[in-house]
$ cat query_34.cif   # mmCIF, C-alpha atoms
data_my_file
loop_
_atom_site.group_PDB
_atom_site.id
_atom_site.type_symbol
_atom_site.label_atom_id
_atom_site.label_comp_id
_atom_site.auth_asym_id
_atom_site.auth_seq_id
_atom_site.Cartn_x
_atom_site.Cartn_y
_atom_site.Cartn_z
ATOM 1 C CA MET A 8 -14.042 -158.096 -2.808
ATOM 2 C CA ARG A 9 -12.456 -161.488 -2.282
ATOM 3 C CA ARG A 10 -10.376 -162.791 -5.192
ATOM 4 C CA ASP A 11 -10.012 -166.384 -3.970
ATOM 5 C CA ILE A 12 -13.621 -167.405 -4.662
ATOM 6 C CA PRO A 13 -13.683 -169.848 -7.631
ATOM 7 C CA PRO A 14 -15.991 -169.714 -10.666
ATOM 8 C CA LEU A 15 -19.623 -170.742 -10.321
ATOM 9 C CA ALA A 16 -19.067 -174.275 -11.636
ATOM 10 C CA GLU A 17 -16.444 -174.900 -8.980
ATOM 11 C CA VAL A 18 -18.659 -173.329 -6.315
ATOM 12 C CA ARG A 19 -21.367 -175.822 -7.280
ATOM 13 C CA ARG A 20 -18.914 -178.697 -6.884
ATOM 14 C CA ILE A 21 -17.765 -177.484 -3.464
ATOM 15 C CA THR A 22 -21.077 -176.452 -1.947
ATOM 16 C CA GLN A 23 -23.741 -178.708 -3.398
ATOM 17 C CA LYS A 24 -24.292 -182.110 -1.821
ATOM 18 C CA LYS A 25 -23.772 -185.209 -3.936
ATOM 19 C CA ARG A 26 -27.362 -186.127 -3.206
ATOM 20 C CA ASP A 27 -30.103 -183.966 -1.768
ATOM 21 C CA ALA A 28 -33.862 -183.551 -1.548
ATOM 22 C CA TRP A 29 -35.491 -183.088 -4.939
ATOM 23 C CA TRP A 30 -37.052 -179.812 -3.802
ATOM 24 C CA THR A 31 -33.611 -178.457 -2.966
ATOM 25 C CA VAL A 32 -31.991 -179.732 -6.171
ATOM 26 C CA LEU A 33 -34.685 -178.392 -8.485
ATOM 27 C CA LEU A 34 -36.049 -175.296 -6.753
ATOM 28 C CA VAL A 35 -33.412 -174.044 -4.318
ATOM 29 C CA ASP A 36 -29.869 -174.771 -5.526
ATOM 30 C CA PRO A 37 -30.270 -172.940 -8.873
ATOM 31 C CA VAL A 38 -30.973 -169.766 -6.870
ATOM 32 C CA ALA A 39 -28.962 -170.392 -3.711
ATOM 33 C CA THR A 40 -25.628 -171.346 -5.284
ATOM 34 C CA PRO A 41 -25.105 -168.113 -7.299
ATOM 35 C CA LEU A 42 -26.183 -166.150 -4.207
ATOM 36 C CA VAL A 43 -23.635 -168.062 -2.147
ATOM 37 C CA ARG A 44 -20.843 -167.080 -4.525
ATOM 38 C CA PHE A 45 -21.967 -163.457 -4.543
ATOM 39 C CA THR A 46 -22.223 -163.401 -0.746
ATOM 40 C CA ALA A 47 -18.778 -164.926 -0.277
ATOM 41 C CA MET A 48 -17.156 -162.596 -2.814
ATOM 42 C CA ARG A 49 -18.720 -159.264 -1.950
ATOM 43 C CA THR A 50 -19.805 -159.357 1.694
ATOM 44 C CA ARG A 51 -18.498 -160.255 5.115
ATOM 45 C CA ILE A 52 -21.682 -162.064 6.114
ATOM 46 C CA THR A 53 -20.988 -165.190 8.161
ATOM 47 C CA PRO A 54 -22.905 -168.488 8.012
ATOM 48 C CA ASN A 55 -24.342 -167.880 11.492
ATOM 49 C CA GLN A 56 -25.671 -164.492 10.404
ATOM 50 C CA ILE A 57 -27.376 -166.163 7.449
ATOM 51 C CA THR A 58 -28.883 -168.696 9.869
ATOM 52 C CA TRP A 59 -30.284 -165.844 11.933
ATOM 53 C CA GLY A 60 -31.665 -164.215 8.792
ATOM 54 C CA ALA A 61 -33.419 -167.438 7.771
ATOM 55 C CA PHE A 62 -34.902 -167.743 11.262
ATOM 56 C CA LEU A 63 -36.201 -164.161 11.302
ATOM 57 C CA LEU A 64 -37.740 -164.596 7.861
ATOM 58 C CA GLY A 65 -39.404 -167.736 9.177
ATOM 59 C CA LEU A 66 -40.938 -165.733 12.013
ATOM 60 C CA GLY A 67 -42.138 -163.182 9.446
ATOM 61 C CA SER A 68 -43.771 -166.010 7.528
ATOM 62 C CA ALA A 69 -45.495 -167.181 10.714
ATOM 63 C CA ALA A 70 -46.851 -163.653 11.300
ATOM 64 C CA CYS A 71 -48.411 -163.690 7.823
ATOM 65 C CA PHE A 72 -49.889 -167.139 8.387
ATOM 66 C CA ALA A 73 -51.485 -166.016 11.650
ATOM 67 C CA LEU A 74 -53.568 -163.370 9.840
ATOM 68 C CA GLY A 75 -55.504 -166.132 8.082
ATOM 69 C CA ASP A 76 -56.572 -164.319 4.903
ATOM 70 C CA TRP A 77 -55.495 -165.942 1.611
ATOM 71 C CA LYS A 78 -53.426 -162.970 0.487
ATOM 72 C CA TRP A 79 -51.439 -163.148 3.713
ATOM 73 C CA LEU A 80 -51.171 -166.915 3.360
ATOM 74 C CA ALA A 81 -49.673 -166.535 -0.126
ATOM 75 C CA LEU A 82 -47.224 -163.904 1.115
ATOM 76 C CA GLY A 83 -46.314 -166.145 4.043
ATOM 77 C CA ALA A 84 -45.637 -169.034 1.651
ATOM 78 C CA VAL A 85 -43.281 -166.910 -0.457
ATOM 79 C CA ILE A 86 -41.453 -165.644 2.631
ATOM 80 C CA TYR A 87 -41.160 -169.194 3.945
ATOM 81 C CA HIS A 88 -39.476 -170.298 0.738
ATOM 82 C CA LEU A 89 -37.077 -167.350 0.919
ATOM 83 C CA SER A 90 -36.326 -168.399 4.489
ATOM 84 C CA PHE A 91 -35.583 -171.904 3.291
ATOM 85 C CA ILE A 92 -33.256 -170.615 0.571
ATOM 86 C CA LEU A 93 -31.287 -168.728 3.219
ATOM 87 C CA ASP A 94 -31.336 -171.837 5.389
ATOM 88 C CA CYS A 95 -29.659 -173.750 2.555
ATOM 89 C CA MET A 96 -27.157 -170.969 1.957
ATOM 90 C CA ASP A 97 -25.594 -170.944 5.421
ATOM 91 C CA GLY A 98 -24.093 -174.411 5.065
ATOM 92 C CA LYS A 99 -22.924 -173.689 1.518
ATOM 93 C CA VAL A 100 -21.181 -170.478 2.580
ATOM 94 C CA ALA A 101 -19.567 -172.371 5.448
ATOM 95 C CA ARG A 102 -18.214 -175.040 3.074
ATOM 96 C CA LEU A 103 -17.026 -172.474 0.526
ATOM 97 C CA THR A 104 -15.252 -170.166 2.991
ATOM 98 C CA GLY A 105 -14.210 -172.695 5.627
ATOM 99 C CA GLN A 106 -16.229 -170.908 8.333
ATOM 100 C CA GLY A 107 -18.232 -173.907 9.456
ATOM 101 C CA SER A 108 -18.486 -174.654 13.168
ATOM 102 C CA VAL A 109 -20.127 -177.151 15.500
ATOM 103 C CA PHE A 110 -22.110 -174.359 17.140
ATOM 104 C CA GLY A 111 -23.320 -173.185 13.724
ATOM 105 C CA ALA A 112 -24.642 -176.664 12.953
ATOM 106 C CA TRP A 113 -26.445 -176.746 16.318
ATOM 107 C CA LEU A 114 -27.908 -173.280 15.760
ATOM 108 C CA ASP A 115 -29.162 -174.244 12.314
ATOM 109 C CA PHE A 116 -30.836 -177.403 13.614
ATOM 110 C CA VAL A 117 -32.519 -175.704 16.586
ATOM 111 C CA PHE A 118 -33.764 -172.750 14.546
ATOM 112 C CA ASP A 119 -35.199 -175.129 11.936
ATOM 113 C CA ARG A 120 -37.224 -176.949 14.557
ATOM 114 C CA ILE A 121 -38.453 -173.717 16.155
ATOM 115 C CA ARG A 122 -39.397 -172.297 12.753
ATOM 116 C CA VAL A 123 -41.497 -175.348 11.866
ATOM 117 C CA MET A 124 -43.225 -175.333 15.248
ATOM 118 C CA VAL A 125 -44.009 -171.592 15.196
ATOM 119 C CA CYS A 126 -45.168 -171.620 11.565
ATOM 120 C CA GLY A 127 -47.289 -174.715 12.133
ATOM 121 C CA VAL A 128 -49.071 -173.191 15.131
ATOM 122 C CA ALA A 129 -49.463 -169.814 13.385
ATOM 123 C CA LEU A 130 -50.829 -171.304 10.165
ATOM 124 C CA MET A 131 -53.369 -173.558 11.820
ATOM 125 C CA GLY A 132 -54.207 -170.992 14.494
ATOM 126 C CA GLY A 133 -54.958 -168.388 11.840
ATOM 127 C CA GLN A 134 -57.242 -170.797 10.013
ATOM 128 C CA TYR A 135 -58.992 -171.723 13.258
ATOM 129 C CA GLU A 136 -59.625 -168.030 13.964
ATOM 130 C CA ARG A 137 -61.019 -167.611 10.478
ATOM 131 C CA THR A 138 -63.243 -170.712 10.373
ATOM 132 C CA GLY A 139 -63.720 -171.904 13.948
ATOM 133 C CA ASP A 140 -62.988 -175.473 12.776
ATOM 134 C CA THR A 141 -61.219 -177.457 15.521
ATOM 135 C CA LEU A 142 -59.636 -179.656 12.855
ATOM 136 C CA TYR A 143 -56.947 -177.005 12.500
ATOM 137 C CA ILE A 144 -55.957 -177.406 16.147
ATOM 138 C CA TRP A 145 -55.369 -181.111 15.570
ATOM 139 C CA LEU A 146 -53.442 -180.368 12.383
ATOM 140 C CA ALA A 147 -51.129 -178.030 14.306
ATOM 141 C CA LEU A 148 -50.316 -180.890 16.672
ATOM 142 C CA VAL A 149 -49.820 -183.245 13.723
ATOM 143 C CA VAL A 150 -47.372 -180.892 11.987
ATOM 144 C CA VAL A 151 -45.217 -180.446 15.097
ATOM 145 C CA ALA A 152 -45.384 -184.163 15.962
ATOM 146 C CA LEU A 153 -44.440 -185.355 12.469
ATOM 147 C CA ASP A 154 -41.539 -182.937 12.197
ATOM 148 C CA THR A 155 -40.258 -184.103 15.576
ATOM 149 C CA LEU A 156 -40.781 -187.763 14.662
ATOM 150 C CA ARG A 157 -38.855 -187.321 11.415
ATOM 151 C CA TYR A 158 -35.738 -185.968 13.099
ATOM 152 C CA ILE A 159 -35.843 -188.311 16.089
ATOM 153 C CA ASN A 160 -36.193 -191.278 13.732
ATOM 154 C CA SER A 161 -33.349 -189.994 11.556
ATOM 155 C CA LEU A 162 -31.065 -189.578 14.561
ATOM 156 C CA GLU A 163 -31.826 -193.022 15.987
ATOM 157 C CA ILE A 164 -31.354 -194.757 12.632
ATOM 158 C CA PHE A 165 -28.026 -192.987 12.217
ATOM 159 C CA LYS A 166 -26.944 -194.197 15.670
ATOM 160 C CA ILE A 167 -27.944 -197.802 14.908
ATOM 161 C CA ARG A 168 -26.159 -197.806 11.547
ATOM 162 C CA HIS A 169 -23.081 -196.287 13.152
ATOM 163 C CA SER A 170 -23.135 -198.986 15.822
ATOM 164 C CA MET A 171 -23.406 -201.779 13.225
ATOM 165 C CA ARG A 172 -20.538 -200.345 11.182
ATOM 166 C CA LYS A 173 -18.412 -199.937 14.289
ATOM 167 C CA GLN A 174 -18.867 -203.579 15.264
ATOM 168 C CA ILE A 175 -18.082 -204.826 11.760
ATOM 169 C CA LYS A 176 -15.005 -202.619 11.522
ATOM 170 C CA SER A 177 -13.818 -203.931 14.875
ATOM 171 C CA ARG A 178 -14.059 -207.529 13.637
ATOM 172 C CA MET A 179 -12.344 -206.656 10.367
ATOM 173 C CA ARG A 180 -9.587 -204.764 12.156
ATOM 174 C CA ALA A 181 -8.698 -207.859 14.120
ATOM 175 C CA ALA A 182 -8.672 -209.951 10.941
ATOM 176 C CA ARG A 183 -6.569 -207.368 9.139
ATOM 177 C CA ARG A 184 -3.960 -207.391 11.880
ATOM 178 C CA ALA A 185 -3.798 -211.153 11.574
ATOM 179 C CA GLN A 186 -3.603 -211.397 7.794
ATOM 180 C CA ASN A 187 -2.563 -207.880 6.724
ATOM 181 C CA GLN A 188 -5.826 -207.580 4.829
ATOM 182 C CA ALA A 189 -7.140 -204.502 3.081
ATOM 183 C CA GLU A 190 -9.270 -201.825 4.627
ATOM 184 C CA LEU A 191 -13.022 -202.223 4.903
ATOM 185 C CA ALA A 192 -15.515 -200.410 2.668
ATOM 186 C CA PHE A 193 -19.301 -200.265 2.803
ATOM 187 C CA MET A 194 -21.279 -200.587 -0.397
ATOM 188 C CA GLU A 195 -23.571 -197.709 0.558
ATOM 189 C CA ASP A 196 -20.579 -195.364 0.850
ATOM 190 C CA LEU A 197 -19.159 -196.465 -2.503
ATOM 191 C CA LEU A 198 -22.464 -195.774 -4.240
ATOM 192 C CA ARG A 199 -22.871 -192.434 -2.485
ATOM 193 C CA ASP A 200 -19.369 -191.296 -3.449
ATOM 194 C CA ASN A 201 -19.896 -192.226 -7.086
ATOM 195 C CA PRO A 202 -23.527 -191.337 -7.897
ATOM 196 C CA SER A 203 -22.886 -191.270 -11.649
ATOM 197 C CA ALA A 204 -21.837 -194.923 -11.717
ATOM 198 C CA ASP A 205 -24.140 -197.745 -12.640
ATOM 199 C CA ILE A 206 -25.190 -199.393 -9.402
ATOM 200 C CA GLU A 207 -25.588 -202.923 -10.725
ATOM 201 C CA GLN A 208 -22.074 -202.818 -12.201
ATOM 202 C CA ASP A 209 -20.761 -201.511 -8.899
ATOM 203 C CA LEU A 210 -22.366 -204.429 -7.101
ATOM 204 C CA GLN A 211 -20.805 -206.937 -9.484
ATOM 205 C CA ARG A 212 -17.400 -205.275 -9.287
ATOM 206 C CA ALA A 213 -17.573 -205.140 -5.492
ATOM 207 C CA ALA A 214 -18.431 -208.836 -5.364
ATOM 208 C CA GLY A 215 -15.370 -209.579 -7.469
ATOM 209 C CA GLU A 216 -13.152 -207.457 -5.234
ATOM 210 C CA ALA A 217 -14.473 -209.169 -2.131
ATOM 211 C CA ALA A 218 -13.485 -212.534 -3.615
ATOM 212 C CA TYR A 219 -10.039 -211.312 -4.668
ATOM 213 C CA ASP A 220 -7.068 -213.365 -3.410
ATOM 214 C CA PRO A 221 -4.554 -210.936 -1.826
ATOM 215 C CA GLN A 222 -1.767 -213.515 -2.178
ATOM 216 C CA GLU A 223 -1.991 -213.661 -5.961
ATOM 217 C CA PRO A 224 1.174 -212.155 -7.543
ATOM 218 C CA VAL A 225 0.288 -209.617 -10.186
ATOM 219 C CA ALA A 226 3.344 -207.343 -10.231
ATOM 220 C CA THR A 227 7.111 -207.712 -10.406
ATOM 221 C CA GLY A 228 9.447 -206.002 -7.952
ATOM 222 C CA ALA A 229 12.853 -204.471 -8.584
ATOM 223 C CA ASP A 230 14.546 -207.819 -7.867
ATOM 224 C CA GLY A 231 12.524 -209.553 -10.554
ATOM 225 C CA GLU A 232 10.376 -211.504 -8.108
ATOM 226 C CA ALA A 233 6.616 -211.400 -8.154
ATOM 227 C CA ALA A 234 5.173 -208.934 -5.683
ATOM 228 C CA PRO A 235 1.747 -209.312 -4.104
ATOM 229 C CA ALA A 236 -0.881 -206.958 -5.437
ATOM 230 C CA ALA A 237 -1.973 -204.049 -3.307
ATOM 231 C CA PRO A 238 -4.807 -205.282 -1.107
ATOM 232 C CA LYS A 239 -8.251 -204.046 -2.043
ATOM 233 C CA PRO A 240 -10.960 -203.178 0.454
ATOM 234 C CA GLN A 241 -13.428 -205.850 1.402
ATOM 235 C CA VAL A 242 -16.889 -204.527 0.609
ATOM 236 C CA ILE A 243 -19.678 -205.084 3.113
ATOM 237 C CA ASP A 244 -23.218 -204.543 1.820
ATOM 238 C CA LEU A 245 -25.749 -204.130 4.631
ATOM 239 C CA HIS A 246 -28.620 -203.702 2.177
ATOM 240 C CA GLN A 247 -28.386 -206.995 0.297
ATOM 241 C CA GLU A 248 -31.798 -208.279 1.423
ATOM 242 C CA PHE A 249 -33.506 -204.993 0.595
ATOM 243 C CA ARG A 250 -31.974 -204.926 -2.894
ATOM 244 C CA ARG A 251 -32.962 -208.556 -3.448
ATOM 245 C CA LYS A 252 -36.576 -207.908 -2.456
ATOM 246 C CA PHE A 253 -36.847 -204.689 -4.473
ATOM 247 C CA PRO A 254 -34.618 -204.975 -7.585
ATOM 248 C CA ALA A 255 -36.405 -202.062 -9.284
ATOM 249 C CA TYR A 256 -35.133 -199.847 -6.449
ATOM 250 C CA LEU A 257 -31.595 -200.070 -7.874
ATOM 251 C CA ARG A 258 -32.626 -198.675 -11.229
ATOM 252 C CA ALA A 259 -34.761 -195.930 -9.713
ATOM 253 C CA ARG A 260 -32.031 -194.989 -7.234
ATOM 254 C CA SER A 261 -29.415 -194.951 -9.987
ATOM 255 C CA PHE A 262 -31.524 -192.573 -12.074
ATOM 256 C CA LEU A 263 -32.150 -190.242 -9.140
ATOM 257 C CA LEU A 264 -28.508 -190.192 -8.053
ATOM 258 C CA ARG A 265 -27.427 -189.194 -11.537
ATOM 259 C CA HIS A 266 -29.471 -186.044 -10.941
ATOM 260 C CA ARG A 267 -28.255 -185.598 -7.317
ATOM 261 C CA ILE A 268 -31.687 -186.553 -5.959
ATOM 262 C CA ARG A 269 -31.855 -188.924 -3.022
ATOM 263 C CA ALA A 270 -34.278 -191.830 -3.110
ATOM 264 C CA HIS A 271 -36.024 -190.605 0.046
ATOM 265 C CA LEU A 272 -38.452 -188.520 -2.015
ATOM 266 C CA VAL A 273 -40.611 -187.185 0.829
ATOM 267 C CA SER A 274 -38.501 -186.135 3.779
ATOM 268 C CA GLY A 275 -38.802 -183.277 6.251
ATOM 269 C CA ILE A 276 -38.074 -180.743 3.507
ATOM 270 C CA GLU A 277 -40.867 -181.855 1.177
ATOM 271 C CA PHE A 278 -43.216 -182.139 4.154
ATOM 272 C CA GLN A 279 -42.520 -178.540 5.166
ATOM 273 C CA MET A 280 -42.995 -177.274 1.628
ATOM 274 C CA GLY A 281 -46.271 -179.108 1.262
ATOM 275 C CA VAL A 282 -47.614 -177.620 4.497
ATOM 276 C CA PHE A 283 -46.111 -174.116 4.394
ATOM 277 C CA MET A 284 -45.901 -173.431 0.657
ATOM 278 C CA ILE A 285 -48.306 -175.497 -1.427
ATOM 279 C CA GLY A 286 -51.130 -175.413 1.125
ATOM 280 C CA PRO A 287 -51.152 -171.646 1.795
ATOM 281 C CA LEU A 288 -50.276 -170.632 -1.778
ATOM 282 C CA PHE A 289 -53.213 -172.535 -3.308
ATOM 283 C CA ASP A 290 -55.505 -172.169 -0.282
ATOM 284 C CA VAL A 291 -55.619 -175.931 0.312
ATOM 285 C CA VAL A 292 -54.130 -176.042 3.809
ATOM 286 C CA VAL A 293 -56.039 -179.107 5.028
ATOM 287 C CA PRO A 294 -55.550 -181.379 1.969
ATOM 288 C CA ALA A 295 -51.908 -180.363 1.550
ATOM 289 C CA THR A 296 -51.139 -181.030 5.219
ATOM 290 C CA ILE A 297 -52.878 -184.410 5.232
ATOM 291 C CA VAL A 298 -51.277 -185.593 1.984
ATOM 292 C CA SER A 299 -47.813 -184.339 2.970
ATOM 293 C CA GLY A 300 -48.079 -185.968 6.387
ATOM 294 C CA ALA A 301 -49.266 -189.275 4.927
ATOM 295 C CA LEU A 302 -46.442 -189.367 2.376
ATOM 296 C CA LEU A 303 -43.896 -188.508 5.063
ATOM 297 C CA LEU A 304 -45.141 -191.405 7.202
ATOM 298 C CA VAL A 305 -44.993 -193.806 4.231
ATOM 299 C CA PHE A 306 -41.365 -192.960 3.508
ATOM 300 C CA GLU A 307 -40.419 -193.053 7.192
ATOM 301 C CA LEU A 308 -41.951 -196.535 7.475
ATOM 302 C CA ALA A 309 -40.018 -197.557 4.359
ATOM 303 C CA ILE A 310 -36.781 -196.395 6.014
ATOM 304 C CA ILE A 311 -37.630 -198.357 9.152
ATOM 305 C CA TYR A 312 -38.347 -201.466 7.075
ATOM 306 C CA LYS A 313 -35.065 -201.001 5.220
ATOM 307 C CA LEU A 314 -33.299 -200.724 8.577
ATOM 308 C CA LEU A 315 -34.944 -203.977 9.720
ATOM 309 C CA LEU A 316 -33.621 -205.805 6.656
ATOM 310 C CA SER A 317 -30.239 -204.164 7.163
ATOM 311 C CA THR A 318 -30.024 -205.539 10.716
ATOM 312 C CA ARG A 319 -30.548 -209.033 9.281
ATOM 313 C CA ASP A 320 -27.647 -208.493 6.873
ATOM 314 C CA PHE A 321 -25.632 -207.224 9.833
ATOM 315 C CA THR A 322 -26.386 -210.377 11.847
ATOM 316 C CA ARG A 323 -25.379 -212.594 8.928
ATOM 317 C CA THR A 324 -22.151 -210.629 8.488
ATOM 318 C CA ILE A 325 -21.245 -210.988 12.165
ATOM 319 C CA ASP A 326 -22.114 -214.695 12.078
ATOM 320 C CA SER A 327 -19.834 -215.158 9.068
ATOM 321 C CA PHE A 328 -16.902 -213.868 11.124
ATOM 322 C CA GLU A 329 -17.660 -216.430 13.799
ATOM 323 C CA GLU A 330 -17.863 -219.231 11.243
ATOM 324 C CA ARG A 331 -14.578 -218.363 9.558
ATOM 325 C CA LYS A 332 -12.630 -217.831 12.798
ATOM 326 C CA VAL A 333 -9.655 -216.287 11.035
ATOM 327 C CA PRO A 334 -6.514 -217.789 12.600
ATOM 328 C CA VAL A 335 -4.193 -215.272 14.234
ATOM 329 C CA ALA A 336 -0.650 -215.297 12.889
ATOM 330 C CA ALA A 337 2.011 -216.424 15.310
#
$ encode --input "query_34.cif" --output "structure tokens"
Amino acid sequence: MRRDIPPLAEVRRITQKKRDAWWTVLLVDPVATPLVRFTAMRTRITPNQITWGAFLLGLGSAACFALGDWKWLALGAVIYHLSFILDCMDGKVARLTGQGSVFGAWLDFVFDRIRVMVCGVALMGGQYERTGDTLYIWLALVVVALDTLRYINSLEIFKIRHSMRKQIKSRMRAARRAQNQAELAFMEDLLRDNPSADIEQDLQRAAGEAAYDPQEPVATGADGEAAPAAPKPQVIDLHQEFRRKFPAYLRARSFLLRHRIRAHLVSGIEFQMGVFMIGPLFDVVVPATIVSGALLLVFELAIIYKLLLSTRDFTRTIDSFEERKVPVAA
């Protein structure tokens, strides 16, 4: 038994994300985190082995779904949730024990996509065999397509945001070399790193820091002369227009972050649980799939719209650099 594993409270701090899907926060972490500590303390199981276990359980769930009868559907739903708990555990064990790897992250992602595809085809195929309704064939295609769309959209948005940040940092780096300015910080990162803070106060404080004069003497050196204050980071907010259009979003997001829940309330996780847990467990496969898919599309469109507004803030930020034309020191 390992003696270097910390108490449960510390394990929660190390392994749980600062913000996560509400399904994970409320229904998975309370079970997964104690299991993670037990696994790390008393076994030699690796994160990749847990990933394989989650994948095999997912295939077992698909086998139950394919049988079509409600009792098998309910069993498949329970097994699917167990598979998801294991899927959440692999990353937590990796963070706790320092066994994370790039290959492990790839394996986890690929197995997740295969599991959704196989379970989607098995679930709808089993219902088609039972009823002969071709609607289930179309729903199988919808499930696979929406899951693929979700992760392609997420990847592309990440790439665009990374590109915008890279360009802004490049401009700020040149200005910093010229004027010895502070590092750059993004408002979204500050809010993510401090989810318990009040967002509106953070915005006001960040605005004050951005207007701070780095030449103002606020301290006295050993020789008795005033010393310039330590430069503070200039905060760039690429979501100003979105916040201005939807002020209630700040309050809702602040409340959710205090409980570690991200504002993206229906993501790939909630979509999967609607299709593979709620639908089979309550024998409402068609309504659950349609409602889950519609909600997923609504939130994906909201993310795209937020990205559109963010690109406008990005353009204004870049234009402001051109207007100021910070002179380069000789």
$ atom_distance --input "query_34.cif" --atom1 "atom CA of Asp76 of chain A" --atom2 "atom CA of Val291 of chain A"
12.5 Å
$ closest_residue --input "query_34.cif" --among "A:Met280, A:Val149, A:Ala39, A:Ala69" --to "Gly83 of chain A" --atoms "all atoms listed in the file"
A:Ala69
$ resolve_selection --input "query_34.cif" --expression "the PyMOL selection byres ((chain A and resi 163-174) around 10)" --output "PDB file with C-alpha atoms, keeping the file's coordinate frame"
ATOM      1  CA  TYR A 158     -35.738-185.968  13.099  1.00  0.00           C
ATOM      2  CA  ILE A 159     -35.843-188.311  16.089  1.00  0.00           C
ATOM      3  CA  ASN A 160     -36.193-191.278  13.732  1.00  0.00           C
ATOM      4  CA  SER A 161     -33.349-189.994  11.556  1.00  0.00           C
ATOM      5  CA  LEU A 162     -31.065-189.578  14.561  1.00  0.00           C
ATOM      6  CA  ILE A 175     -18.082-204.826  11.760  1.00  0.00           C
ATOM      7  CA  LYS A 176     -15.005-202.619  11.522  1.00  0.00           C
ATOM      8  CA  SER A 177     -13.818-203.931  14.875  1.00  0.00           C
ATOM      9  CA  ARG A 178     -14.059-207.529  13.637  1.00  0.00           C
ATOM     10  CA  MET A 179     -12.344-206.656  10.367  1.00  0.00           C
ATOM     11  CA  ARG A 180      -9.587-204.764  12.156  1.00  0.00           C
ATOM     12  CA  LEU A 191     -13.022-202.223   4.903  1.00  0.00           C
ATOM     13  CA  ALA A 192     -15.515-200.410   2.668  1.00  0.00           C
ATOM     14  CA  PHE A 193     -19.301-200.265   2.803  1.00  0.00           C
ATOM     15  CA  ILE A 243     -19.678-205.084   3.113  1.00  0.00           C
ATOM     16  CA  LEU A 245     -25.749-204.130   4.631  1.00  0.00           C
ATOM     17  CA  ILE A 310     -36.781-196.395   6.014  1.00  0.00           C
ATOM     18  CA  ILE A 311     -37.630-198.357   9.152  1.00  0.00           C
ATOM     19  CA  LEU A 314     -33.299-200.724   8.577  1.00  0.00           C
ATOM     20  CA  SER A 317     -30.239-204.164   7.163  1.00  0.00           C
ATOM     21  CA  THR A 318     -30.024-205.539  10.716  1.00  0.00           C
ATOM     22  CA  PHE A 321     -25.632-207.224   9.833  1.00  0.00           C
ATOM     23  CA  THR A 322     -26.386-210.377  11.847  1.00  0.00           C
ATOM     24  CA  ILE A 325     -21.245-210.988  12.165  1.00  0.00           C
TER      25      ILE A 325
END
$ closest_residue --input "query_34.cif" --among "A:Phe116, A:Ile21, A:Phe110, A:Asp244" --to "Thr155 of chain A" --atoms "all atoms listed in the file"
A:Phe116
$ residues_around --input "query_34.cif" --residues "His271 of chain A" --least-positions-apart "5" --cutoff "9 Å" --atoms "all atoms listed in the file" --output "list in words"
Ala28, Phe306, Glu307 and Ile310 of chain A
